[in-house]
Amino acid sequence: MIISVASGKGGTGKTLVATSLAVSLKDKCSLQLVDCDVEEPNDHLFLKPVIDKKEPVAIPVPKIDETKCTFCGKCAEVCAYNAIAVLPKNVLVLPNLCHGCGACSYLCPEKAITEEDMIIGVVESGHAGNIDFIQGRLNTGEAMPVPVIRKVKEKVSPDKTVIIDISPGTSCPVVESVKGSDFCLLVTEPTPFGLNDLTLAVETVRKLGILCGVVINRAGDNQGKMEAYCREQNIPVLMTIPLDTEIARLYSRGITLAEGMPRWQEKFESLFRHIKELVDERSSSLKR
Amino acid sequence: MKEVVVLSGKGGTGKTSIVGSFASLAKNKVLADCDVDAADLHLLLRPETQEKNEFWSGQAATIDEDKCTQCGLCQELCRFNAIKDYKVDPISCEGCGFCSHICPADAITMKDNMSGHWFISKTRYGELVHARLGIAEENSGKLVALVRQKARELADKKKADYIISDGPPGIGCPVISSLSGADLALLVTEPTLSGIHDLERVYEVCRHFNVPALVCINKYDINESNANKIEDYCQQQGMGTVTRIPYDNAVTEAMIHGIPVVEYSHNGLSSKIAALWDKIVNKLGG
Ligand code: SF4
Ligand code: SF4
């Protein structure tokens with residue numbers, strides 16, 4: 001089963017939930033934690049995994065053999081991202097704009113284009129105790145997280161219990177990361193910003209047809225509006241984590257809630273059971 | 001005219017509350033919300049929309065069933081696995097157009113994508129340029145670039161002294177679009193291990209694009225030893241002194257009331273934010 005942990009915006013406690021859920025379940029089932037927040041991966045700070053494999057992520061960018069090139073302009077014409085400019089006596093490639101689609105090399109009439117790898121990030125895998133740990137990292141200065149996310153997701157083993165940490169927002173990297181999940185846990189906080197961003201996140205997972213539930217973090221006495229919204233939208237609130245400076249301090253030191261306050265383990269286990277019930281219910285209703 | 005962009009690496013560090021306060025403090029400026037994915041600034045500034053425009057960007061392939069001979073070439077060549085059973089999955093399609101060029105039956109056309117909206121609005125604090133990327137859309141970087149361009153045009157026209165923009169989270173394409181060519185970046189962080197990690201990553205991006213940066217530690221009192229670590233890091237990197245802002249419930253209360261925190265409370269927090277704005281003005285040489 002694949003559970004993704006997302007939030008409309010960052011800083012709502014997504015990492016806290018993903019890591020504590022992983023730690024609470026690690027002795028109950030075979031578990032994989034996958035950090036797809038490749039722009040700012042943070043789960044490793046909490047789980048302190050031993051990384052035993054690093055694989056670079058590259059996209060193939062064109063390389064022009066100017067001895068063969070006739071400067072016909074075909075490659076520039078077919079490139080949808082303006083990554084190639086053909087001048088009278090040379091061809092300019094802007095690798096940062098290239099998406100590695102392969103159109104130019106395939107369509108060059110002179111076979112003057114070959115491809116070479118440009119490294120944009122890395123996928124790291126290892127273990128944190130008995131947790132199977134995978135994370136992706138986009139190199140700073142690179143613009144495209146999606147190819148890194150795709151490589152990370154190739155490592156997902158669906159026969160395990162997989163927890164995926166998703167980057168904030170609602171655009172392409174989020175969709176790429178959430179796609180294929182059985183359930184999406186949306187972590188939010190009961191503020192106007194939190195509610196606004198939650199509604200966007202709900203729209204996104206619904207568009208993908210994925211079941212979702214909410215965790216309200218930093219709850220005090222002000223989550224009425226949020227609970228009303230969830231009720232109205234028929235989204236279960238599966239867990240509430242109070243606003244507590246002790247929890248914030250643990251987090252600031254890189255300690256998971258499940259380890260810093262072990263009584264939370266039971267709550268995360270029951271959160272997991274609840275999610276499993278919802279997923280099973282849906283799959284049996286789909287079969288019917 | 002000087003442009004300052006407020007970034008945080010992860011978001012959720014109080015960045016938007018700080019931008020909202022700058023909106024209230026700064027004179028003669030244009031505001032821009034470059035977080036086109038999950039914009040929040042409007043909740044504090046309560047804009048009145050004056051102009052709403054469509055944002056068309058990128059393309060997606062469609063296959064004409066009647067013309068398609070099911071040869072399978074497009075499926076074989078598409079590197080994004082966006083074509084299955086002779087149908088295009090619009091979410092996976094990158095819009096590169098490769099398939100449309102090679103289809104022997106000429107069955108594939110590229111259609112333009114309406115991927116969002118952008119707005120010019122009036123607020124109590126002056127004009128705000130903001131945008132909304134459609135759900136699950138691409139090209140947020142281009143939309144950010146457009147927001148900035150419109151903000152600049154407006155600032156030129158109004159002879160504004162400053163453009164203040166609320167930046168997107170992360171370090172990828174939208175962040176690069178919001179940052180390149182700006183005069184100053186304010187990096188808002190929290191004294192947590194992840195805050196430090198995110199700050200280092202976003203600062204590297206600033207360096208990469210040669211944008212000078214100032215740092216502000218929000219809720220510094222959650223973990224003072226981490227706050228000291230951040231301060232040391234900033235010294236090492238030559239970023240000068242760091243502004244420390246204490247944890248204060250007033251930030252959330254102001255948000256609930258839909259006003260910038262400097263207008264909601266007049267305690268130490270507000271004077272810290274005011275001093276931070278003065279520091280930015282100084283650094284910008286204004
Ligand atoms: S398509 Fe080939 S021959 Fe034509 S300009 Fe490009 S590289 Fe040169
Ligand atoms: S591989 Fe695709 S995106 Fe890259 S330069 Fe060639 S046509 Fe453009």
# chains A, B, ... in the order shown; residues from 1 in each chain; ligands from 1

$ closest_atom_pairs --of "chain B" --to "chain A" --cutoff "6 Å" --atoms "only C-alpha atoms" --output "CSV"
residue,atom,partner,partner_atom,distance
B:Lys10,CA,A:Gly10,CA,5.3
B:Gly11,CA,A:Gly10,CA,4.6
B:Gly12,CA,A:Gly11,CA,4.0
B:Asp37,CA,A:Gly169,CA,5.4
B:Ala38,CA,A:Gly169,CA,5.8
B:Asp40,CA,A:Phe193,CA,5.8
B:Cys96,CA,A:Ala80,CA,5.2
B:Phe98,CA,A:Ala103,CA,5.1
B:Ile135,CA,A:Thr204,CA,5.8
B:Ala136,CA,A:Ser171,CA,4.5
B:Glu137,CA,A:Ser171,CA,5.2
B:Glu138,CA,A:Cys172,CA,5.3
B:Gly170,CA,A:Glu39,CA,5.3
B:Ile171,CA,A:Glu39,CA,5.5
B:Gly172,CA,A:Ala143,CA,4.3
B:Cys173,CA,A:Ala143,CA,4.1
B:Thr192,CA,A:Ser252,CA,3.7
B:Leu193,CA,A:Ser252,CA,5.7
B:Ser194,CA,A:Asn42,CA,5.7
B:Asp198,CA,A:Glu40,CA,5.8
B:Val205,CA,A:Gly141,CA,5.3

$ closest_atom_pairs --of "chain A" --to "ligand 1" --cutoff "7 Å" --atoms "only C-alpha atoms and all ligand atoms" --output "JSON lines"
{"residue": "A:Ile64", "atom": "CA", "partner": "ligand 1", "partner_atom_place_in_ligand_line": "7 (S)", "distance": 5.6}
{"residue": "A:Lys68", "atom": "CA", "partner": "ligand 1", "partner_atom_place_in_ligand_line": "3 (S)", "distance": 6.9}
{"residue": "A:Cys69", "atom": "CA", "partner": "ligand 1", "partner_atom_place_in_ligand_line": "8 (Fe)", "distance": 3.8}
{"residue": "A:Thr70", "atom": "CA", "partner": "ligand 1", "partner_atom_place_in_ligand_line": "3 (S)", "distance": 4.5}
{"residue": "A:Phe71", "atom": "CA", "partner": "ligand 1", "partner_atom_place_in_ligand_line": "5 (S)", "distance": 3.6}
{"residue": "A:Cys72", "atom": "CA", "partner": "ligand 1", "partner_atom_place_in_ligand_line": "4 (Fe)", "distance": 3.9}
{"residue": "A:Gly73", "atom": "CA", "partner": "ligand 1", "partner_atom_place_in_ligand_line": "5 (S)", "distance": 4.0}
{"residue": "A:Lys74", "atom": "CA", "partner": "ligand 1", "partner_atom_place_in_ligand_line": "1 (S)", "distance": 4.1}
{"residue": "A:Cys75", "atom": "CA", "partner": "ligand 1", "partner_atom_place_in_ligand_line": "1 (S)", "distance": 4.1}
{"residue": "A:Ala76", "atom": "CA", "partner": "ligand 1", "partner_atom_place_in_ligand_line": "6 (Fe)", "distance": 6.5}
{"residue": "A:Val86", "atom": "CA", "partner": "ligand 1", "partner_atom_place_in_ligand_line": "5 (S)", "distance": 5.8}
{"residue": "A:Val91", "atom": "CA", "partner": "ligand 1", "partner_atom_place_in_ligand_line": "5 (S)", "distance": 6.7}
{"residue": "A:Cys104", "atom": "CA", "partner": "ligand 1", "partner_atom_place_in_ligand_line": "1 (S)", "distance": 6.6}
{"residue": "A:Leu107", "atom": "CA", "partner": "ligand 1", "partner_atom_place_in_ligand_line": "1 (S)", "distance": 6.7}
{"residue": "A:Cys108", "atom": "CA", "partner": "ligand 1", "partner_atom_place_in_ligand_line": "1 (S)", "distance": 3.8}
{"residue": "A:Pro109", "atom": "CA", "partner": "ligand 1", "partner_atom_place_in_ligand_line": "2 (Fe)", "distance": 5.8}
{"residue": "A:Glu110", "atom": "CA", "partner": "ligand 1", "partner_atom_place_in_ligand_line": "3 (S)", "distance": 5.1}
{"residue": "A:Lys111", "atom": "CA", "partner": "ligand 1", "partner_atom_place_in_ligand_line": "2 (Fe)", "distance": 6.3}
{"residue": "A:Ala112", "atom": "CA", "partner": "ligand 1", "partner_atom_place_in_ligand_line": "2 (Fe)", "distance": 5.1}
{"residue": "A:Ile113", "atom": "CA", "partner": "ligand 1", "partner_atom_place_in_ligand_line": "7 (S)", "distance": 5.6}

$ write_last_selection --atoms "N, CA, C and O atoms" --output "CSV table (one decimal), in the first residue's frame"
chain,number,residue,atom,x,y,z
A,64,ILE,N,26.0,18.8,-30.5
A,64,ILE,CA,25.9,19.0,-32.0
A,64,ILE,C,27.3,18.8,-32.6
A,64,ILE,O,28.3,19.3,-32.1
A,68,LYS,N,29.2,17.9,-39.1
A,68,LYS,CA,28.2,17.3,-39.9
A,68,LYS,C,27.0,18.3,-40.1
A,68,LYS,O,26.3,18.2,-41.1
A,69,CYS,N,26.9,19.3,-39.2
A,69,CYS,CA,25.7,20.2,-39.2
A,69,CYS,C,25.7,21.1,-40.4
A,69,CYS,O,26.8,21.6,-40.8
A,70,THR,N,24.6,21.3,-41.1
A,70,THR,CA,24.5,22.2,-42.2
A,70,THR,C,23.7,23.5,-41.8
A,70,THR,O,23.4,24.3,-42.7
A,71,PHE,N,23.5,23.6,-40.5
A,71,PHE,CA,22.8,24.8,-40.0
A,71,PHE,C,21.4,25.0,-40.6
A,71,PHE,O,21.0,26.1,-40.9
A,72,CYS,N,20.7,23.9,-40.8
A,72,CYS,CA,19.4,24.0,-41.5
A,72,CYS,C,18.3,24.5,-40.6
A,72,CYS,O,17.3,25.0,-41.1
A,73,GLY,N,18.5,24.4,-39.3
A,73,GLY,CA,17.5,25.0,-38.4
A,73,GLY,C,16.4,24.1,-37.9
A,73,GLY,O,15.6,24.5,-37.1
A,74,LYS,N,16.4,22.8,-38.4
A,74,LYS,CA,15.3,21.9,-38.1
A,74,LYS,C,15.3,21.7,-36.5
A,74,LYS,O,14.2,21.7,-35.9
A,75,CYS,N,16.4,21.5,-35.9
A,75,CYS,CA,16.4,21.2,-34.5
A,75,CYS,C,15.8,22.3,-33.7
A,75,CYS,O,14.9,22.1,-32.8
A,76,ALA,N,16.1,23.6,-34.0
A,76,ALA,CA,15.5,24.7,-33.3
A,76,ALA,C,14.0,24.8,-33.5
A,76,ALA,O,13.3,25.1,-32.6
A,86,VAL,N,19.8,28.1,-33.8
A,86,VAL,CA,20.7,27.9,-34.9
A,86,VAL,C,21.1,29.2,-35.5
A,86,VAL,O,20.2,30.0,-35.9
A,91,VAL,N,25.6,26.4,-33.7
A,91,VAL,CA,24.3,26.0,-33.0
A,91,VAL,C,24.5,26.2,-31.5
A,91,VAL,O,25.5,25.7,-30.9
A,104,CYS,N,15.1,16.6,-31.2
A,104,CYS,CA,16.1,17.2,-32.1
A,104,CYS,C,17.0,16.1,-32.7
A,104,CYS,O,17.3,16.1,-33.9
A,107,LEU,N,15.3,14.0,-35.3
A,107,LEU,CA,14.8,14.6,-36.5
A,107,LEU,C,15.9,15.3,-37.3
A,107,LEU,O,15.6,15.8,-38.4
A,108,CYS,N,17.1,15.4,-36.7
A,108,CYS,CA,18.1,16.1,-37.5
A,108,CYS,C,18.4,15.4,-38.8
A,108,CYS,O,18.8,14.2,-38.7
A,109,PRO,N,18.3,16.0,-39.9
A,109,PRO,CA,18.4,15.3,-41.2
A,109,PRO,C,19.9,14.8,-41.5
A,109,PRO,O,20.1,13.9,-42.2
A,110,GLU,N,20.8,15.5,-40.8
A,110,GLU,CA,22.2,15.1,-41.0
A,110,GLU,C,22.8,14.2,-40.0
A,110,GLU,O,24.0,13.9,-40.0
A,111,LYS,N,22.0,13.7,-39.1
A,111,LYS,CA,22.4,12.9,-38.0
A,111,LYS,C,23.6,13.6,-37.2
A,111,LYS,O,24.6,12.9,-36.9
A,112,ALA,N,23.5,14.8,-37.0
A,112,ALA,CA,24.6,15.6,-36.4
A,112,ALA,C,24.4,15.7,-34.9
A,112,ALA,O,25.3,16.3,-34.3
A,113,ILE,N,23.3,15.2,-34.4
A,113,ILE,CA,23.1,15.4,-32.9
A,113,ILE,C,23.2,14.1,-32.2
A,113,ILE,O,22.6,13.1,-32.5

$ residues_around --residues "Gln149 of chain B" --least-positions-apart "3" --cutoff "12 Å" --atoms "only C-alpha atoms" --output "short mmCIF file (atom, residue, chain, number, x, y, z; two decimals) with N, CA and C atoms, in the first residue's frame"
data_model
loop_
_atom_site.label_atom_id
_atom_site.label_comp_id
_atom_site.auth_asym_id
_atom_site.auth_seq_id
_atom_site.Cartn_x
_atom_site.Cartn_y
_atom_site.Cartn_z
N GLU B 3 13.92 45.72 -6.38
CA GLU B 3 13.04 44.58 -6.22
C GLU B 3 13.58 43.64 -5.14
N VAL B 30 4.99 48.37 -5.42
CA VAL B 30 4.07 47.45 -6.06
C VAL B 30 4.31 46.09 -5.40
N ALA B 32 3.90 41.85 -5.33
CA ALA B 32 3.76 40.72 -6.25
C ALA B 32 3.70 39.44 -5.44
N CYS B 34 4.45 35.80 -5.93
CA CYS B 34 5.06 34.84 -6.86
C CYS B 34 4.83 33.40 -6.43
N TRP B 118 -3.85 35.26 -14.23
CA TRP B 118 -3.10 36.25 -13.45
C TRP B 118 -3.94 37.50 -13.30
N VAL B 129 0.10 42.31 -7.94
CA VAL B 129 0.03 41.42 -9.10
C VAL B 129 0.11 40.00 -8.55
N HIS B 130 -0.85 39.17 -8.90
CA HIS B 130 -0.85 37.81 -8.38
C HIS B 130 -1.40 36.86 -9.41
N LYS B 142 7.12 29.98 -15.67
CA LYS B 142 6.75 30.99 -16.66
C LYS B 142 5.71 31.95 -16.09
N LEU B 143 4.79 31.41 -15.30
CA LEU B 143 3.77 32.27 -14.71
C LEU B 143 4.41 33.24 -13.70
N VAL B 144 5.37 32.75 -12.94
CA VAL B 144 6.09 33.62 -12.01
C VAL B 144 6.80 34.73 -12.79
N ALA B 145 7.46 34.35 -13.90
CA ALA B 145 8.16 35.34 -14.71
C ALA B 145 7.18 36.41 -15.21
N LEU B 146 5.98 35.96 -15.57
CA LEU B 146 4.96 36.89 -16.06
C LEU B 146 4.50 37.84 -14.94
N ARG B 152 6.79 44.77 -12.76
CA ARG B 152 7.80 45.77 -13.17
C ARG B 152 7.19 46.84 -14.05
N GLU B 153 6.35 46.42 -14.99
CA GLU B 153 5.70 47.41 -15.87
C GLU B 153 4.89 48.39 -15.04
N LEU B 154 4.17 47.84 -14.08
CA LEU B 154 3.32 48.67 -13.23
C LEU B 154 4.17 49.62 -12.39
N ALA B 155 5.27 49.09 -11.87
CA ALA B 155 6.15 49.89 -11.02
C ALA B 155 6.78 51.02 -11.84
N ASP B 156 7.12 50.73 -13.09
CA ASP B 156 7.68 51.77 -13.96
C ASP B 156 6.66 52.87 -14.20
N ILE B 163 9.56 46.95 -5.51
CA ILE B 163 8.65 45.82 -5.75
C ILE B 163 8.94 44.82 -4.64
N SER B 165 8.10 41.09 -3.38
CA SER B 165 7.39 39.88 -3.80
C SER B 165 7.52 38.74 -2.82
N SER B 177 12.83 31.55 -11.23
CA SER B 177 12.14 32.64 -11.94
C SER B 177 11.88 33.84 -11.06
N SER B 178 11.62 33.61 -9.78
CA SER B 178 11.28 34.74 -8.91
C SER B 178 12.54 35.47 -8.46
N GLY B 181 17.78 38.18 -11.25
CA GLY B 181 17.68 39.59 -11.57
C GLY B 181 17.08 40.46 -10.48
N ALA B 182 16.67 39.86 -9.35
CA ALA B 182 16.15 40.68 -8.24
C ALA B 182 17.33 41.38 -7.55
#

$ closest_atom_pairs --of "chain B" --to "ligand 2" --cutoff "12 Å" --atoms "only C-alpha atoms and all ligand atoms" --output "Markdown table"
| residue | atom | partner | partner_atom_place_in_ligand_line | distance |
| --- | --- | --- | --- | --- |
| B:Leu77 | CA | ligand 2 | 2 (Fe) | 11.8 |
| B:Cys78 | CA | ligand 2 | 2 (Fe) | 10.8 |
| B:Arg79 | CA | ligand 2 | 2 (Fe) | 10.0 |
| B:Phe80 | CA | ligand 2 | 2 (Fe) | 11.6 |
| B:Glu94 | CA | ligand 2 | 3 (S) | 9.8 |
| B:Gly95 | CA | ligand 2 | 3 (S) | 9.9 |
| B:Cys96 | CA | ligand 2 | 2 (Fe) | 6.6 |
| B:Gly97 | CA | ligand 2 | 7 (S) | 8.6 |
| B:Phe98 | CA | ligand 2 | 7 (S) | 7.6 |
| B:Cys99 | CA | ligand 2 | 2 (Fe) | 11.3 |
| B:His101 | CA | ligand 2 | 7 (S) | 10.9 |

$ write_last_selection --atoms "N, CA, C and O atoms" --output "compact mmCIF listing (two decimals), in the first residue's frame"
# COMPACT_ATOMS: atom_id res chain seq x y z
N LEU B 77 8.55 6.22 -28.96
CA LEU B 77 9.51 7.33 -28.87
C LEU B 77 9.26 8.27 -27.70
O LEU B 77 10.17 8.95 -27.25
N CYS B 78 8.05 8.33 -27.19
CA CYS B 78 7.76 9.29 -26.12
C CYS B 78 8.56 8.92 -24.88
O CYS B 78 8.45 7.82 -24.36
N ARG B 79 9.37 9.86 -24.41
CA ARG B 79 10.22 9.57 -23.25
C ARG B 79 9.50 9.82 -21.93
O ARG B 79 10.05 9.64 -20.87
N PHE B 80 8.28 10.30 -22.00
CA PHE B 80 7.56 10.61 -20.77
C PHE B 80 6.44 9.60 -20.51
O PHE B 80 5.61 9.82 -19.64
N GLU B 94 4.48 16.18 -21.61
CA GLU B 94 5.31 17.35 -21.33
C GLU B 94 5.13 18.43 -22.38
O GLU B 94 5.73 19.50 -22.27
N GLY B 95 4.39 18.12 -23.43
CA GLY B 95 4.16 19.11 -24.47
C GLY B 95 5.34 19.34 -25.39
O GLY B 95 5.43 20.38 -26.02
N CYS B 96 6.25 18.36 -25.49
CA CYS B 96 7.45 18.58 -26.32
C CYS B 96 7.14 18.56 -27.80
O CYS B 96 7.88 19.12 -28.60
N GLY B 97 6.07 17.87 -28.19
CA GLY B 97 5.67 17.89 -29.59
C GLY B 97 6.39 16.88 -30.48
O GLY B 97 6.13 16.80 -31.68
N PHE B 98 7.29 16.08 -29.89
CA PHE B 98 8.03 15.08 -30.66
C PHE B 98 7.07 14.20 -31.47
O PHE B 98 7.21 14.04 -32.67
N CYS B 99 6.06 13.67 -30.80
CA CYS B 99 5.12 12.76 -31.47
C CYS B 99 4.44 13.40 -32.67
O CYS B 99 4.25 12.77 -33.71
N HIS B 101 5.61 15.56 -34.66
CA HIS B 101 6.51 15.67 -35.80
C HIS B 101 6.74 14.34 -36.50
O HIS B 101 7.04 14.31 -37.68

$ residues_around --residues "Asn282 of chain B" --least-positions-apart "6" --cutoff "12 Å" --atoms "only C-alpha atoms" --output "PyMOL selection string"
chain B and resi 2+184+214+275-276

$ write_last_selection --atoms "N, CA, C and O atoms" --output "PDB file, in the first residue's frame"
ATOM      1  N   LYS B   2      13.713  49.207  -6.986  1.00  0.00           N
ATOM      2  CA  LYS B   2      14.426  48.044  -6.465  1.00  0.00           C
ATOM      3  C   LYS B   2      13.438  46.922  -6.172  1.00  0.00           C
ATOM      4  O   LYS B   2      12.315  47.172  -5.739  1.00  0.00           O
ATOM      5  N   LEU B 184      17.547  41.950  -4.169  1.00  0.00           N
ATOM      6  CA  LEU B 184      17.837  41.417  -2.849  1.00  0.00           C
ATOM      7  C   LEU B 184      16.858  40.295  -2.528  1.00  0.00           C
ATOM      8  O   LEU B 184      15.693  40.358  -2.902  1.00  0.00           O
ATOM      9  N   LEU B 214      19.698  38.552   2.708  1.00  0.00           N
ATOM     10  CA  LEU B 214      19.649  38.825   4.140  1.00  0.00           C
ATOM     11  C   LEU B 214      18.855  37.694   4.778  1.00  0.00           C
ATOM     12  O   LEU B 214      17.975  37.122   4.142  1.00  0.00           O
ATOM     13  N   ALA B 275      12.034  47.245  11.908  1.00  0.00           N
ATOM     14  CA  ALA B 275      13.486  47.425  11.823  1.00  0.00           C
ATOM     15  C   ALA B 275      14.055  46.615  10.659  1.00  0.00           C
ATOM     16  O   ALA B 275      14.977  47.049   9.970  1.00  0.00           O
ATOM     17  N   LEU B 276      13.472  45.439  10.442  1.00  0.00           N
ATOM     18  CA  LEU B 276      13.925  44.597   9.334  1.00  0.00           C
ATOM     19  C   LEU B 276      13.671  45.297   7.996  1.00  0.00           C
ATOM     20  O   LEU B 276      14.526  45.293   7.107  1.00  0.00           O
TER      21      LEU B 276
END

$ residues_around --residues "Glu253 of chain B" --least-positions-apart "3" --cutoff "12 Å" --atoms "only C-alpha atoms" --output "PyMOL selection string"
(chain A and resi 190-193+222) or (chain B and resi 17+44+248-250+256-265)

$ select_by_dssp --residues "segment 27-229 of chain A" --states "helix (DSSP H, G or I)" --output "number ranges by chain"
A: 43-47, 74-78, 95-97, 103-107, 146-153, 172-178, 192-207, 224-229

$ select_by_dssp --residues "segment 25-223 of chain B" --states "strand (DSSP E or B)" --output "VMD selection string"
chain B and resid 29 to 33 48 to 63 83 to 84 87 to 88 108 to 123 126 to 133 162 to 166 184 to 189 213 to 218

$ write_last_selection --atoms "C-alpha atoms" --output "PDB file, in the first residue's frame"
ATOM      1  CA  LYS B  29       5.629  50.134  -3.918  1.00  0.00           C
ATOM      2  CA  VAL B  30       4.071  47.447  -6.057  1.00  0.00           C
ATOM      3  CA  LEU B  31       3.367  44.059  -4.500  1.00  0.00           C
ATOM      4  CA  ALA B  32       3.757  40.720  -6.251  1.00  0.00           C
ATOM      5  CA  ASP B  33       2.725  37.274  -5.094  1.00  0.00           C
ATOM      6  CA  GLU B  48     -10.139  43.908  -5.194  1.00  0.00           C
ATOM      7  CA  THR B  49      -9.522  42.383  -8.593  1.00  0.00           C
ATOM      8  CA  GLN B  50      -9.234  44.952 -11.343  1.00  0.00           C
ATOM      9  CA  GLU B  51      -7.917  42.849 -14.164  1.00  0.00           C
ATOM     10  CA  LYS B  52      -8.165  39.102 -14.717  1.00  0.00           C
ATOM     11  CA  ASN B  53      -6.221  37.528 -17.559  1.00  0.00           C
ATOM     12  CA  GLU B  54      -5.817  34.030 -18.856  1.00  0.00           C
ATOM     13  CA  PHE B  55      -2.417  32.390 -18.808  1.00  0.00           C
ATOM     14  CA  TRP B  56      -1.852  30.191 -21.818  1.00  0.00           C
ATOM     15  CA  SER B  57       1.263  28.184 -21.709  1.00  0.00           C
ATOM     16  CA  GLY B  58       2.636  24.972 -23.033  1.00  0.00           C
ATOM     17  CA  GLN B  59       0.808  22.429 -25.134  1.00  0.00           C
ATOM     18  CA  ALA B  60      -0.494  18.912 -24.928  1.00  0.00           C
ATOM     19  CA  ALA B  61      -0.782  16.344 -27.694  1.00  0.00           C
ATOM     20  CA  THR B  62      -4.077  14.899 -28.939  1.00  0.00           C
ATOM     21  CA  ILE B  63      -4.462  11.964 -31.276  1.00  0.00           C
ATOM     22  CA  ILE B  83       0.949   7.643 -24.655  1.00  0.00           C
ATOM     23  CA  LYS B  84      -0.762   4.359 -23.904  1.00  0.00           C
ATOM     24  CA  LYS B  87      -4.235   7.814 -26.201  1.00  0.00           C
ATOM     25  CA  VAL B  88      -2.418  10.716 -24.584  1.00  0.00           C
ATOM     26  CA  ILE B 108      -1.274  14.137 -33.750  1.00  0.00           C
ATOM     27  CA  THR B 109      -1.802  17.817 -33.144  1.00  0.00           C
ATOM     28  CA  MET B 110      -0.624  19.997 -30.317  1.00  0.00           C
ATOM     29  CA  LYS B 111      -3.242  22.047 -28.506  1.00  0.00           C
ATOM     30  CA  ASP B 112      -2.518  25.102 -26.396  1.00  0.00           C
ATOM     31  CA  ASN B 113      -3.115  24.797 -22.714  1.00  0.00           C
ATOM     32  CA  MET B 114      -4.860  27.350 -20.553  1.00  0.00           C
ATOM     33  CA  SER B 115      -2.914  26.776 -17.405  1.00  0.00           C
ATOM     34  CA  GLY B 116      -4.046  29.507 -15.084  1.00  0.00           C
ATOM     35  CA  HIS B 117      -4.934  33.128 -14.500  1.00  0.00           C
ATOM     36  CA  TRP B 118      -3.102  36.248 -13.447  1.00  0.00           C
ATOM     37  CA  PHE B 119      -4.564  39.330 -11.847  1.00  0.00           C
ATOM     38  CA  ILE B 120      -3.884  42.956 -11.107  1.00  0.00           C
ATOM     39  CA  SER B 121      -5.706  44.001  -7.965  1.00  0.00           C
ATOM     40  CA  LYS B 122      -6.072  47.002  -5.764  1.00  0.00           C
ATOM     41  CA  THR B 123      -5.313  46.723  -2.068  1.00  0.00           C
ATOM     42  CA  GLY B 126      -1.231  49.691  -3.446  1.00  0.00           C
ATOM     43  CA  GLU B 127      -1.374  47.389  -6.437  1.00  0.00           C
ATOM     44  CA  LEU B 128      -0.862  43.663  -6.174  1.00  0.00           C
ATOM     45  CA  VAL B 129       0.026  41.423  -9.098  1.00  0.00           C
ATOM     46  CA  HIS B 130      -0.848  37.808  -8.381  1.00  0.00           C
ATOM     47  CA  ALA B 131      -1.733  34.606 -10.155  1.00  0.00           C
ATOM     48  CA  ARG B 132      -3.267  31.212  -9.834  1.00  0.00           C
ATOM     49  CA  LEU B 133      -1.823  28.226 -11.610  1.00  0.00           C
ATOM     50  CA  TYR B 162      10.066  49.097  -4.593  1.00  0.00           C
ATOM     51  CA  ILE B 163       8.652  45.823  -5.754  1.00  0.00           C
ATOM     52  CA  ILE B 164       8.088  43.465  -2.859  1.00  0.00           C
ATOM     53  CA  SER B 165       7.388  39.884  -3.804  1.00  0.00           C
ATOM     54  CA  ASP B 166       6.310  36.849  -1.843  1.00  0.00           C
ATOM     55  CA  LEU B 184      17.837  41.417  -2.849  1.00  0.00           C
ATOM     56  CA  ALA B 185      16.476  38.232  -1.350  1.00  0.00           C
ATOM     57  CA  LEU B 186      15.220  38.047   2.209  1.00  0.00           C
ATOM     58  CA  LEU B 187      15.455  34.462   3.434  1.00  0.00           C
ATOM     59  CA  VAL B 188      13.034  33.660   6.248  1.00  0.00           C
ATOM     60  CA  THR B 189      13.940  30.576   8.223  1.00  0.00           C
ATOM     61  CA  ALA B 213      20.671  37.832   0.635  1.00  0.00           C
ATOM     62  CA  LEU B 214      19.649  38.825   4.140  1.00  0.00           C
ATOM     63  CA  VAL B 215      18.434  36.322   6.700  1.00  0.00           C
ATOM     64  CA  CYS B 216      15.676  36.524   9.262  1.00  0.00           C
ATOM     65  CA  ILE B 217      15.083  33.782  11.851  1.00  0.00           C
ATOM     66  CA  ASN B 218      11.435  33.591  12.719  1.00  0.00           C
TER      67      ASN B 218
END

$ residues_around --residues "Pro104 of chain B" --least-positions-apart "6" --cutoff "12 Å" --atoms "only C-alpha atoms" --output "list in words"
Lys67, Cys68, Thr69, Gln70, Cys71, Gly72, Leu73 and Cys74 of chain B

$ closest_residue --among "B:Ser140, B:Ser8, B:Thr252, B:Gln75" --to "Ala219 of chain A" --atoms "only C-alpha atoms"
B:Thr252

$ closest_residue --among "A:Ile134, A:Leu87, A:Lys26, A:Lys267" --to "Lys54 of chain A" --atoms "only C-alpha atoms"
A:Ile134

$ closest_residue --among "B:Cys234, B:Val6, B:Ala26, B:Ile91" --to "Ala160 of chain B" --atoms "only C-alpha atoms"
B:Ala26

$ atom_distance --atom1 "atom CA of Ser271 of chain B" --atom2 "atom CA of Gln223 of chain A"
29.5 Å
